[in-house]
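Only one structure is covered here, and it is reproduced in the block below.
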Amino acid sequence: RNAGRRCRAGLAGTMGGSCRAGPGRRSRLPGSGIARPCRKAPASPPVGARRCARKTKEETMITCPDCETGRNLLAGACRSVFQRGLTGGSAGNMSLRVEGGILATPTGIPFGELTPENLSLLDEAGALVSGPKATKEAPFHLAWYKANPDHLAVVHLHSPWAVAVSCLADLDPGSPLPPLTPYQLMKLGHLAVAPYAKPGSAELCAGVARLAPGRTALLMANHGSITGGASLTKALDAAEELEATCRLYLTLRGLPVRCLTPEQAAELLPPKGA
């Protein structure tokens, strides 16, 4: 049992179990108000990371952090984006796959006030295991993981420049931004725009699910951005790159712009569907 529970990369079935918050902390039994001591996590895995049970299509094992490590990572990331003005109030949401399920930001709690203890833990079917009620947009996070089984984190922000671009009437849904910089293409890949739908709706989830496979980033019309990655750091890097690129695009709008040529862009972009 030294390896502990394994994190399943797929979305079929129920993970169950409880978050191991480490010695001295307490967790709540799902569906009750009763607190119980959390079990001490095994000491054998390095730096709080364990291998997931499913291999990616490249036949490499992906690593999920243990629940306590994941809580600290996710809460810290939320506070960071709040402090840097990348989202305001309780707008936006994030999730992170961990050993034992998926951690998600709760509904109604501002990013700047989130702590490791008040994150929501979901099983892989989206049912609440412990913590407060999760964001109403958790379904599109689950859809993203299903479409990209090698991704461990999803970040959805209402960052100002990305939201501004998502509101433009003349966007090409299949290619909303011109190729301005190499890093835009390397970090964001093939960007697209999901059609507008009411936040938290089944229609929004379906629109994201249709476009998510093989992508790192999407804009959501009149709403914001979604990025995913093989780690929380990579998902956040993509979100910040998208925000910076949207700012460049709007700053240069109406000016003569030298974009990367199709040949230059092709050297940087992954093949579609890769």
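In the structure tokens, each chain is lettered A, B, ... as it comes, each chain's residues begin at 1, and ligands are numbered from 1 in order of appearance.
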Self-check item: 12 Å contact set for stretch 258-271 of chain A, only C-alpha atoms, chain neighbours under 6 positions out, as a VMD selection string
Solution: chain A and resid 177 to 191 214 to 216 248 to 249 252
Stretch 196-237 of chain A near stretch 60-79 of chain A within 10 Å: what's each residue's closest atom pair and its distance in Å to one decimal, counting only C-alpha atoms, ordered by chain then ascending residue number, as a tab-separated table?
```
residue	atom	partner	partner_atom	distance
A:Ala230	CA	A:Ile62	CA	7.9
A:Ser231	CA	A:Cys64	CA	8.7
A:Leu232	CA	A:Leu74	CA	7.7
A:Thr233	CA	A:Ala77	CA	8.6
A:Leu236	CA	A:Ala77	CA	8.2
```
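Straight-line separation from atom CA of A:Ser225 to atom CA of A:Asp170: 17.5 Å.
Residues of stretch 112-154 of chain A that DSSP places in helix (DSSP H, G or I), based on the backbone of this structure, are Gly112, Glu113, Pro116, Glu117, Asn118, Ala138, Pro139, Phe140, His141, Leu142, Ala143, Trp144, Tyr145, Lys146 and Ala147 of chain A.
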Practice problem: Grab the atom CA of A:Leu114 to atom CA of A:Ser80 distance for me, in Å with one decimal place. | Solution: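 A separation of 10.7 Å between them.
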Practice problem: Name the closest residue to A:Ala192 among the candidates A:Gly101, A:Pro176, A:Gly112, A:Gly207; distances are taken between atoms, counting only C-alpha atoms. | Solution: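 Of A:Gly101, A:Pro176, A:Gly112, A:Gly207, the one nearest A:Ala192 is A:Pro176, counting only C-alpha atoms.
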Exercise. Could you give me, as a PyMOL selection string, the residues within 8 Å of stretch 137-145 of chain A, counting only C-alpha atoms and dropping anything in the same chain fewer than 5 positions from it?
Key: chain A and resi 9-11+93+95+104+124-126+150-152+154+199-201+204-206+208-209+212-213+228
Written selection (all heavy atoms) as a compact mmCIF listing (two decimals), in the first residue's frame:
```txt
# COMPACT_ATOMS: atom_id res chain seq x y z
N ALA A 9 -7.11 8.46 -14.86
CA ALA A 9 -7.10 9.56 -15.82
C ALA A 9 -8.43 9.69 -16.54
O ALA A 9 -8.74 10.72 -17.09
CB ALA A 9 -5.99 9.37 -16.85
N GLY A 10 -9.23 8.64 -16.59
CA GLY A 10 -10.52 8.70 -17.27
C GLY A 10 -11.57 9.28 -16.36
O GLY A 10 -11.35 9.58 -15.21
N LEU A 11 -12.81 9.40 -16.89
CA LEU A 11 -13.90 9.97 -16.12
C LEU A 11 -14.98 8.96 -15.83
O LEU A 11 -16.01 9.31 -15.28
CB LEU A 11 -14.50 11.17 -16.88
CG LEU A 11 -13.54 12.33 -16.96
CD1 LEU A 11 -14.14 13.41 -17.81
CD2 LEU A 11 -13.24 12.88 -15.58
N ASN A 93 -12.86 29.97 -12.34
CA ASN A 93 -12.75 28.75 -11.55
C ASN A 93 -11.54 27.95 -12.02
O ASN A 93 -11.06 28.13 -13.15
CB ASN A 93 -14.02 27.91 -11.60
CG ASN A 93 -14.72 27.98 -12.94
OD1 ASN A 93 -14.29 27.34 -13.91
ND2 ASN A 93 -15.78 28.77 -13.04
N SER A 95 -9.49 23.86 -11.49
CA SER A 95 -9.54 22.51 -10.95
C SER A 95 -8.19 21.83 -11.15
O SER A 95 -7.39 22.24 -11.99
CB SER A 95 -10.65 21.69 -11.62
OG SER A 95 -10.37 21.48 -13.00
N ALA A 104 -11.65 21.30 -6.94
CA ALA A 104 -12.21 22.40 -7.72
C ALA A 104 -12.48 23.58 -6.79
O ALA A 104 -12.69 23.40 -5.58
CB ALA A 104 -13.51 21.97 -8.40
N GLU A 124 -14.58 11.50 -9.96
CA GLU A 124 -14.38 11.72 -11.40
C GLU A 124 -15.68 11.75 -12.19
O GLU A 124 -15.68 12.06 -13.39
CB GLU A 124 -13.41 10.68 -11.95
CG GLU A 124 -12.01 10.90 -11.42
CD GLU A 124 -10.95 10.14 -12.19
OE1 GLU A 124 -11.29 9.45 -13.17
OE2 GLU A 124 -9.78 10.25 -11.81
N ALA A 125 -16.79 11.45 -11.52
CA ALA A 125 -18.09 11.63 -12.16
C ALA A 125 -18.68 13.00 -11.84
O ALA A 125 -19.75 13.35 -12.33
CB ALA A 125 -19.05 10.53 -11.71
N GLY A 126 -17.99 13.78 -11.00
CA GLY A 126 -18.44 15.13 -10.66
C GLY A 126 -19.24 15.23 -9.38
O GLY A 126 -19.68 16.32 -9.02
N ASP A 150 -4.37 13.57 -20.74
CA ASP A 150 -3.03 13.87 -20.24
C ASP A 150 -2.98 15.19 -19.48
O ASP A 150 -1.92 15.58 -18.99
CB ASP A 150 -2.02 13.90 -21.40
CG ASP A 150 -2.40 14.89 -22.49
OD1 ASP A 150 -3.61 15.17 -22.66
OD2 ASP A 150 -1.49 15.38 -23.19
N HIS A 151 -4.11 15.89 -19.35
CA HIS A 151 -4.13 17.15 -18.62
C HIS A 151 -4.51 16.90 -17.17
O HIS A 151 -5.42 16.12 -16.86
CB HIS A 151 -5.14 18.12 -19.25
CG HIS A 151 -4.63 18.75 -20.51
ND1 HIS A 151 -5.29 19.77 -21.18
CD2 HIS A 151 -3.52 18.50 -21.25
CE1 HIS A 151 -4.61 20.11 -22.27
NE2 HIS A 151 -3.53 19.35 -22.32
N LEU A 152 -3.82 17.59 -16.28
CA LEU A 152 -4.09 17.49 -14.85
C LEU A 152 -4.73 18.74 -14.27
O LEU A 152 -5.15 18.72 -13.11
CB LEU A 152 -2.79 17.20 -14.07
CG LEU A 152 -2.12 15.86 -14.32
CD1 LEU A 152 -0.94 15.69 -13.37
CD2 LEU A 152 -3.10 14.72 -14.14
N VAL A 154 -7.17 22.51 -15.14
CA VAL A 154 -7.97 23.37 -16.01
C VAL A 154 -8.14 24.72 -15.30
O VAL A 154 -8.46 24.77 -14.11
CB VAL A 154 -9.35 22.76 -16.32
CG1 VAL A 154 -10.21 23.74 -17.12
CG2 VAL A 154 -9.19 21.45 -17.09
N PRO A 199 -23.59 30.76 -18.52
CA PRO A 199 -22.62 30.13 -17.62
C PRO A 199 -23.25 29.00 -16.80
O PRO A 199 -24.35 29.15 -16.27
CB PRO A 199 -22.17 31.28 -16.71
CG PRO A 199 -22.34 32.51 -17.57
CD PRO A 199 -23.58 32.25 -18.38
N GLY A 200 -22.54 27.89 -16.75
CA GLY A 200 -23.01 26.74 -16.00
C GLY A 200 -24.02 25.87 -16.72
O GLY A 200 -24.46 24.85 -16.18
N SER A 201 -24.37 26.23 -17.96
CA SER A 201 -25.41 25.49 -18.69
C SER A 201 -24.84 24.26 -19.39
O SER A 201 -23.64 24.16 -19.65
CB SER A 201 -26.08 26.40 -19.72
OG SER A 201 -25.16 26.75 -20.74
N LEU A 204 -23.20 25.29 -22.67
CA LEU A 204 -21.82 25.76 -22.55
C LEU A 204 -20.87 24.57 -22.46
O LEU A 204 -19.84 24.52 -23.13
CB LEU A 204 -21.66 26.65 -21.33
CG LEU A 204 -20.25 27.18 -21.07
CD1 LEU A 204 -19.79 28.09 -22.20
CD2 LEU A 204 -20.18 27.92 -19.74
N CYS A 205 -21.23 23.60 -21.64
CA CYS A 205 -20.40 22.40 -21.49
C CYS A 205 -20.24 21.68 -22.83
O CYS A 205 -19.14 21.24 -23.18
CB CYS A 205 -21.02 21.49 -20.45
SG CYS A 205 -20.04 20.02 -20.10
N ALA A 206 -21.35 21.55 -23.58
CA ALA A 206 -21.29 20.86 -24.87
C ALA A 206 -20.40 21.60 -25.85
O ALA A 206 -19.64 20.98 -26.62
CB ALA A 206 -22.70 20.72 -25.43
N VAL A 208 -17.81 23.53 -25.14
CA VAL A 208 -16.42 23.33 -24.73
C VAL A 208 -15.97 21.91 -25.09
O VAL A 208 -14.88 21.70 -25.62
CB VAL A 208 -16.25 23.60 -23.23
CG1 VAL A 208 -14.87 23.16 -22.75
CG2 VAL A 208 -16.47 25.07 -22.92
N ALA A 209 -16.83 20.93 -24.80
CA ALA A 209 -16.46 19.53 -25.05
C ALA A 209 -16.18 19.27 -26.52
O ALA A 209 -15.29 18.49 -26.87
CB ALA A 209 -17.58 18.62 -24.56
N ALA A 212 -12.61 20.98 -27.20
CA ALA A 212 -11.49 20.75 -26.28
C ALA A 212 -10.46 19.73 -26.75
O ALA A 212 -9.27 19.90 -26.47
CB ALA A 212 -12.02 20.33 -24.91
N PRO A 213 -10.83 18.65 -27.46
CA PRO A 213 -9.83 17.61 -27.74
C PRO A 213 -8.57 18.13 -28.43
O PRO A 213 -8.65 18.82 -29.45
CB PRO A 213 -10.59 16.63 -28.65
CG PRO A 213 -12.02 16.79 -28.26
CD PRO A 213 -12.17 18.26 -27.95
N GLY A 228 -5.82 24.41 -20.33
CA GLY A 228 -5.52 23.17 -19.64
C GLY A 228 -4.06 22.80 -19.84
O GLY A 228 -3.39 23.31 -20.74
```
Quiz item: Which one is closest to A:Arg210: A:Gly224, A:Pro195, A:Pro132, A:Pro160? Count only C-alpha atoms.
Solution: A:Pro195
Exercise. Apply DSSP to the structure's backbone, then extract all residues of stretch 175-242 of chain A labelled strand (DSSP E or B) and return them as a ChimeraX atom specification.
Key: /A:193-194,217-220,224-229
I need the residues from that last selection saved to file as a PDB file, in the first residue's frame (with N, CA and C atoms), if you can.
```
ATOM      1  N   VAL A 193     -12.828  29.568 -30.553  1.00  0.00           N
ATOM      2  CA  VAL A 193     -13.809  30.245 -29.709  1.00  0.00           C
ATOM      3  C   VAL A 193     -15.036  29.360 -29.539  1.00  0.00           C
ATOM      4  N   ALA A 194     -15.363  29.043 -28.295  1.00  0.00           N
ATOM      5  CA  ALA A 194     -16.592  28.309 -28.009  1.00  0.00           C
ATOM      6  C   ALA A 194     -17.770  29.266 -28.093  1.00  0.00           C
ATOM      7  N   ALA A 217      -5.955  25.741 -25.195  1.00  0.00           N
ATOM      8  CA  ALA A 217      -6.674  26.962 -24.830  1.00  0.00           C
ATOM      9  C   ALA A 217      -7.885  27.181 -25.712  1.00  0.00           C
ATOM     10  N   LEU A 218      -8.888  27.805 -25.117  1.00  0.00           N
ATOM     11  CA  LEU A 218     -10.085  28.254 -25.828  1.00  0.00           C
ATOM     12  C   LEU A 218     -10.477  29.619 -25.291  1.00  0.00           C
ATOM     13  N   LEU A 219     -11.080  30.430 -26.156  1.00  0.00           N
ATOM     14  CA  LEU A 219     -11.854  31.570 -25.692  1.00  0.00           C
ATOM     15  C   LEU A 219     -13.314  31.147 -25.647  1.00  0.00           C
ATOM     16  N   MET A 220     -14.064  31.713 -24.715  1.00  0.00           N
ATOM     17  CA  MET A 220     -15.502  31.486 -24.631  1.00  0.00           C
ATOM     18  C   MET A 220     -16.172  32.809 -24.974  1.00  0.00           C
ATOM     19  N   GLY A 224     -14.815  34.558 -21.363  1.00  0.00           N
ATOM     20  CA  GLY A 224     -13.465  34.494 -20.822  1.00  0.00           C
ATOM     21  C   GLY A 224     -12.634  33.429 -21.504  1.00  0.00           C
ATOM     22  N   SER A 225     -11.699  32.849 -20.768  1.00  0.00           N
ATOM     23  CA  SER A 225     -10.766  31.887 -21.345  1.00  0.00           C
ATOM     24  C   SER A 225     -10.790  30.580 -20.564  1.00  0.00           C
ATOM     25  N   ILE A 226     -10.398  29.499 -21.245  1.00  0.00           N
ATOM     26  CA  ILE A 226     -10.162  28.202 -20.604  1.00  0.00           C
ATOM     27  C   ILE A 226      -8.815  27.704 -21.106  1.00  0.00           C
ATOM     28  N   THR A 227      -7.992  27.248 -20.189  1.00  0.00           N
ATOM     29  CA  THR A 227      -6.728  26.616 -20.566  1.00  0.00           C
ATOM     30  C   THR A 227      -6.546  25.345 -19.759  1.00  0.00           C
ATOM     31  N   GLY A 228      -5.817  24.412 -20.330  1.00  0.00           N
ATOM     32  CA  GLY A 228      -5.519  23.170 -19.640  1.00  0.00           C
ATOM     33  C   GLY A 228      -4.063  22.797 -19.835  1.00  0.00           C
ATOM     34  N   GLY A 229      -3.565  21.904 -18.986  1.00  0.00           N
ATOM     35  CA  GLY A 229      -2.181  21.497 -19.125  1.00  0.00           C
ATOM     36  C   GLY A 229      -1.855  20.286 -18.287  1.00  0.00           C
TER      37      GLY A 229
END
```
Self-check item: Atomic distance atom CA of A:Lys272 - atom CA of A:Gly174, expressed in Å with one decimal
Solution: 11.9 Å
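Across A:Ala153, A:Ser130, A:His158, A:Lys136, the tightest approach to A:Gly89 is made by A:His158 when counting only C-alpha atoms.
Using only C-alpha atoms, the contacts of A:Ala162 at a cut-off of 10 Å, with sequence neighbours closer than 6 positions omitted, comprise A:Leu86, A:Leu219, A:Met220, A:Ala221, A:Asn222, A:His223, A:Gly224, A:Ser225, A:Ala239, A:Glu240, A:Leu242, A:Glu243, A:Ala244, A:Thr245, A:Cys246, A:Arg247, A:Leu250.
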For the residues in that selection, give me C-alpha atoms as a short mmCIF file (atom, residue, chain, number, x, y, z; two decimals), in the first residue's frame.
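Once written, result-v9.cif looks like this:
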```
data_model
loop_
_atom_site.label_atom_id
_atom_site.label_comp_id
_atom_site.auth_asym_id
_atom_site.auth_seq_id
_atom_site.Cartn_x
_atom_site.Cartn_y
_atom_site.Cartn_z
CA LEU A 86 -6.25 38.27 -13.72
CA LEU A 219 -11.85 31.57 -25.69
CA MET A 220 -15.50 31.49 -24.63
CA ALA A 221 -17.60 34.06 -26.47
CA ASN A 222 -18.56 37.02 -24.23
CA HIS A 223 -17.20 35.15 -21.23
CA GLY A 224 -13.47 34.49 -20.82
CA SER A 225 -10.77 31.89 -21.35
CA ALA A 239 -3.80 31.44 -19.41
CA GLU A 240 -1.26 34.20 -18.92
CA LEU A 242 -3.48 34.09 -23.82
CA GLU A 243 -4.15 37.22 -21.75
CA ALA A 244 -0.88 38.82 -22.95
CA THR A 245 -1.64 37.95 -26.58
CA CYS A 246 -5.15 39.41 -26.34
CA ARG A 247 -3.66 42.59 -24.94
CA LEU A 250 -6.16 44.95 -29.02
#
```
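Among A:Leu122, A:Val257, A:Ala134, A:Val129, the residue with the shortest atom-to-atom distance to A:Thr105, counting only C-alpha atoms, is A:Ala134.
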